[in-house]
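Colleague: Contents of my_file30.cif (mmCIF, C-alpha atoms and all ligand atoms; chains and numbers go by the auth columns) are given next:
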data_target
loop_
_atom_site.group_PDB
_atom_site.id
_atom_site.type_symbol
_atom_site.label_atom_id
_atom_site.label_comp_id
_atom_site.label_asym_id
_atom_site.label_seq_id
_atom_site.Cartn_x
_atom_site.Cartn_y
_atom_site.Cartn_z
_atom_site.B_iso_or_equiv
_atom_site.auth_seq_id
_atom_site.auth_asym_id
ATOM 1 C CA MET A 1 94.792 87.348 118.002 0.00 1 A
ATOM 2 C CA ILE A 2 91.941 86.334 115.721 0.00 2 A
ATOM 3 C CA ASP A 3 90.101 89.591 116.316 0.00 3 A
ATOM 4 C CA SER A 4 93.087 91.766 115.624 0.00 4 A
ATOM 5 C CA GLN A 5 92.145 94.902 113.740 0.00 5 A
ATOM 6 C CA GLU A 6 95.716 95.417 112.680 0.00 6 A
ATOM 7 C CA GLN A 7 95.761 92.745 110.025 0.00 7 A
ATOM 8 C CA LYS A 8 95.937 93.901 106.461 0.00 8 A
ATOM 9 C CA PRO A 9 93.837 91.739 104.159 0.00 9 A
ATOM 10 C CA SER A 10 94.435 92.115 100.475 0.00 10 A
ATOM 11 C CA TYR A 11 91.223 93.866 99.585 0.00 11 A
ATOM 12 C CA PRO A 12 90.290 95.147 96.127 0.00 12 A
ATOM 13 C CA LYS A 13 91.679 98.505 95.202 0.00 13 A
ATOM 14 C CA PRO A 14 88.838 100.974 94.700 0.00 14 A
ATOM 15 C CA TYR A 15 89.802 102.001 91.231 0.00 15 A
ATOM 16 C CA LYS A 16 92.578 102.004 88.721 0.00 16 A
ATOM 17 C CA PRO A 17 92.264 104.729 86.116 0.00 17 A
ATOM 18 C CA LYS A 18 92.878 103.909 82.487 0.00 18 A
ATOM 19 C CA THR A 19 93.628 106.345 79.784 0.00 19 A
ATOM 20 C CA GLN A 20 90.631 105.783 77.533 0.00 20 A
ATOM 21 C CA GLU A 21 88.147 107.104 80.070 0.00 21 A
ATOM 22 C CA PRO A 22 88.110 110.173 82.244 0.00 22 A
ATOM 23 C CA ARG A 23 89.987 109.694 85.466 0.00 23 A
ATOM 24 C CA PRO A 24 87.684 109.169 88.432 0.00 24 A
ATOM 25 C CA GLN A 25 87.437 112.234 90.557 0.00 25 A
ATOM 26 C CA SER A 26 89.518 112.145 93.666 0.00 26 A
ATOM 27 C CA CYS A 27 86.351 112.771 95.642 0.00 27 A
ATOM 28 C CA GLN A 28 84.492 109.740 94.327 0.00 28 A
ATOM 29 C CA HIS A 29 82.984 108.000 97.292 0.00 29 A
ATOM 30 C CA ILE A 30 83.740 104.369 97.962 0.00 30 A
ATOM 31 C CA LYS A 31 83.330 102.092 100.934 0.00 31 A
ATOM 32 C CA ILE A 32 84.498 98.496 101.105 0.00 32 A
ATOM 33 C CA LEU A 33 82.954 96.066 103.555 0.00 33 A
ATOM 34 C CA ASP A 34 83.735 92.441 104.318 0.00 34 A
ATOM 35 C CA CYS A 35 87.031 92.743 102.505 0.00 35 A
ATOM 36 C CA ASN A 36 88.386 89.791 104.462 0.00 36 A
ATOM 37 C CA ARG A 37 85.498 87.528 103.505 0.00 37 A
ATOM 38 C CA PRO A 38 85.005 85.387 100.389 0.00 38 A
ATOM 39 C CA ILE A 39 82.507 87.947 99.072 0.00 39 A
ATOM 40 C CA SER A 40 83.316 91.565 99.683 0.00 40 A
ATOM 41 C CA ARG A 41 80.837 94.367 99.215 0.00 41 A
ATOM 42 C CA VAL A 42 81.855 97.611 97.629 0.00 42 A
ATOM 43 C CA PHE A 43 79.601 100.634 97.999 0.00 43 A
ATOM 44 C CA PHE A 44 80.322 103.505 95.683 0.00 44 A
ATOM 45 C CA GLU A 45 78.803 106.176 93.516 0.00 45 A
ATOM 46 C CA CYS A 46 78.796 106.152 89.748 0.00 46 A
ATOM 47 C CA TYR A 47 81.514 108.440 88.486 0.00 47 A
ATOM 48 C CA HIS A 48 79.182 109.901 85.879 0.00 48 A
ATOM 49 C CA CYS A 49 75.697 110.140 87.383 0.00 49 A
ATOM 50 C CA ARG A 50 76.386 109.649 91.108 0.00 50 A
ATOM 51 C CA GLN A 51 74.008 106.718 91.253 0.00 51 A
ATOM 52 C CA GLY A 52 74.624 104.764 94.433 0.00 52 A
ATOM 53 C CA LEU A 53 75.875 101.282 93.588 0.00 53 A
ATOM 54 C CA LEU A 54 76.670 98.093 95.442 0.00 54 A
ATOM 55 C CA THR A 55 79.014 95.603 93.836 0.00 55 A
ATOM 56 C CA GLU A 56 79.766 92.216 95.316 0.00 56 A
ATOM 57 C CA CYS A 57 83.218 90.882 94.546 0.00 57 A
ATOM 58 C CA LYS A 58 84.447 87.338 94.918 0.00 58 A
ATOM 59 C CA GLY A 59 87.994 86.373 95.671 0.00 59 A
ATOM 60 C CA GLU A 60 90.638 87.402 98.124 0.00 60 A
ATOM 61 C CA SER A 61 93.136 88.937 95.784 0.00 61 A
ATOM 62 C CA ALA A 62 92.997 91.708 93.237 0.00 62 A
ATOM 63 C CA VAL A 63 94.036 89.809 90.158 0.00 63 A
ATOM 64 C CA GLN A 64 92.167 91.601 87.414 0.00 64 A
ATOM 65 C CA GLU A 65 90.776 95.004 86.651 0.00 65 A
ATOM 66 C CA PHE A 66 87.065 95.186 86.032 0.00 66 A
ATOM 67 C CA LYS A 67 85.083 97.982 84.544 0.00 67 A
ATOM 68 C CA VAL A 68 81.852 98.221 86.486 0.00 68 A
ATOM 69 C CA THR A 69 79.087 99.494 84.221 0.00 69 A
ATOM 70 C CA CYS A 70 76.509 101.716 85.813 0.00 70 A
ATOM 71 C CA PRO A 71 73.016 100.206 85.368 0.00 71 A
ATOM 72 C CA THR A 72 71.525 103.691 85.390 0.00 72 A
ATOM 73 C CA CYS A 73 73.565 105.617 82.828 0.00 73 A
ATOM 74 C CA GLY A 74 75.351 102.734 81.084 0.00 74 A
ATOM 75 C CA LYS A 75 78.785 104.290 81.473 0.00 75 A
ATOM 76 C CA THR A 76 81.730 103.043 83.454 0.00 76 A
ATOM 77 C CA ALA A 77 80.900 103.717 87.074 0.00 77 A
ATOM 78 C CA ILE A 78 84.242 102.660 88.540 0.00 78 A
ATOM 79 C CA TYR A 79 87.243 100.413 88.063 0.00 79 A
ATOM 80 C CA LEU A 80 87.698 97.626 90.550 0.00 80 A
ATOM 81 C CA MET A 81 90.668 95.384 91.095 0.00 81 A
ATOM 82 C CA THR A 82 89.342 92.018 92.183 0.00 82 A
ATOM 83 C CA SER A 83 89.042 88.396 91.110 0.00 83 A
ATOM 84 C CA GLU A 84 85.444 88.289 90.042 0.00 84 A
ATOM 85 C CA ILE A 85 82.437 90.590 90.007 0.00 85 A
ATOM 86 C CA VAL A 86 79.412 88.764 91.342 0.00 86 A
ATOM 87 C CA SER A 87 76.757 91.417 90.948 0.00 87 A
ATOM 88 C CA THR A 88 76.164 95.130 90.725 0.00 88 A
ATOM 89 C CA THR A 89 73.010 96.637 92.172 0.00 89 A
ATOM 90 C CA ALA A 90 71.710 100.197 92.117 0.00 90 A
ATOM 91 C CA ILE A 91 71.052 101.446 95.620 0.00 91 A
ATOM 92 C CA PRO A 92 70.207 104.789 97.198 0.00 92 A
ATOM 93 C CA SER A 93 73.522 106.552 97.600 0.00 93 A
ATOM 94 C CA PRO A 94 74.863 106.366 101.161 0.00 94 A
ATOM 95 C CA TRP A 95 76.358 109.779 100.459 0.00 95 A
ATOM 96 C CA ASP A 96 73.213 111.382 99.120 0.00 96 A
ATOM 97 C CA ARG A 97 73.453 115.143 99.223 0.00 97 A
HETATM 98 ZN ZN ZN B . 75.885 106.224 86.182 0.00 101 B
#
Kindly present the structure from the file in structure tokens form.
Ligand SMILES: [Zn+2]

Modeller:
Amino acid sequence: MIDSQEQKPSYPKPYKPKTQEPRPQSCQHIKILDCNRPISRVFFECYHCRQGLLTECKGESAVQEFKVTCPTCGKTAIYLMTSEIVSTTAIPSPWDR
């Protein structure tokens, strides 16, 4: 059963809106990969400028809320629930329109 796709790892929640900033749009794109590994990769778009971003998160449980700052516009790109943010990199948006 090691390859079971039915397991539910405790992966980081994509965002958790706070009151001091605009709520992320419901259509904000996000994609989480490797959520059952020590380092998970979160692809998303900046809420403000739609810059494609890749954030690597360490830890298996969502213990703390992090504001991920967009390297392009300097605003809060997204909120992530995770243990530790390893890095955030600007990438071409996977959802480029
Ligand atoms: Zn931005």

Colleague: Adding 8 Å on each side of the box along x, y and z that holds all listed atoms of range 45-54 of chain A, could you give its centre and edge lengths in Å to one decimal, as JSON?

Modeller:
{"center_x": 77.8, "center_y": 104.1, "center_z": 90.7, "size_x": 23.5, "size_y": 28.0, "size_z": 25.6}

Colleague: For the provided coordinates, the residues matched by the PyMOL selection byres (((not hetatm)) within 8 of (chain B and resi 101)) should be stated as a list in words.

Modeller: Glu45, Cys46, Tyr47, His48, Cys49, Arg50, Gln51, Thr69, Cys70, Pro71, Thr72, Cys73, Gly74, Lys75, Thr76 and Ala77 of chain A

Colleague: What gap, in Å, lies between CA of Asp96 in chain A and CA of Gly52 in chain A?

Modeller: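 Between CA of Asp96 in chain A and CA of Gly52 in chain A the gap is 8.2 Å.
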
Colleague: Care to translate the PyMOL selection byres (((chain A and resi 39) around 12) and not hetatm) into actual residues of this file, as a PyMOL selection string?

Modeller: chain A and resi 11-12+32-38+40-42+55-61+82-87

Colleague: Once the PyMOL selection byres (((chain A and resi 66) around 7) and not hetatm) is applied to the coordinates I shared, what remains selected? I want it as a list in words.

Modeller: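 On this input, the PyMOL selection byres (((chain A and resi 66) around 7) and not hetatm) captures Gln64, Glu65, Lys67, Val68, Tyr79, Leu80 and Met81 of chain A.
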
Colleague: Just to confirm, what's the straight-line distance from CA of Lys31 in chain A to CA of Pro14 in chain A in Å (one decimal)?

Modeller: 8.4 Å

Colleague: Can you measure CA of Cys27 in chain A to CA of Thr88 in chain A for me? One decimal in Å is fine.

Modeller: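 Here the two named atoms are 21.0 Å from each other.
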
Colleague: What's the 7 Å shell around Ile91 in chain A, counting all atoms listed in the file, without same-chain residues fewer than 2 positions away, as an MDAnalysis selection string?

Modeller: chainID A and resid 52:54 89 93
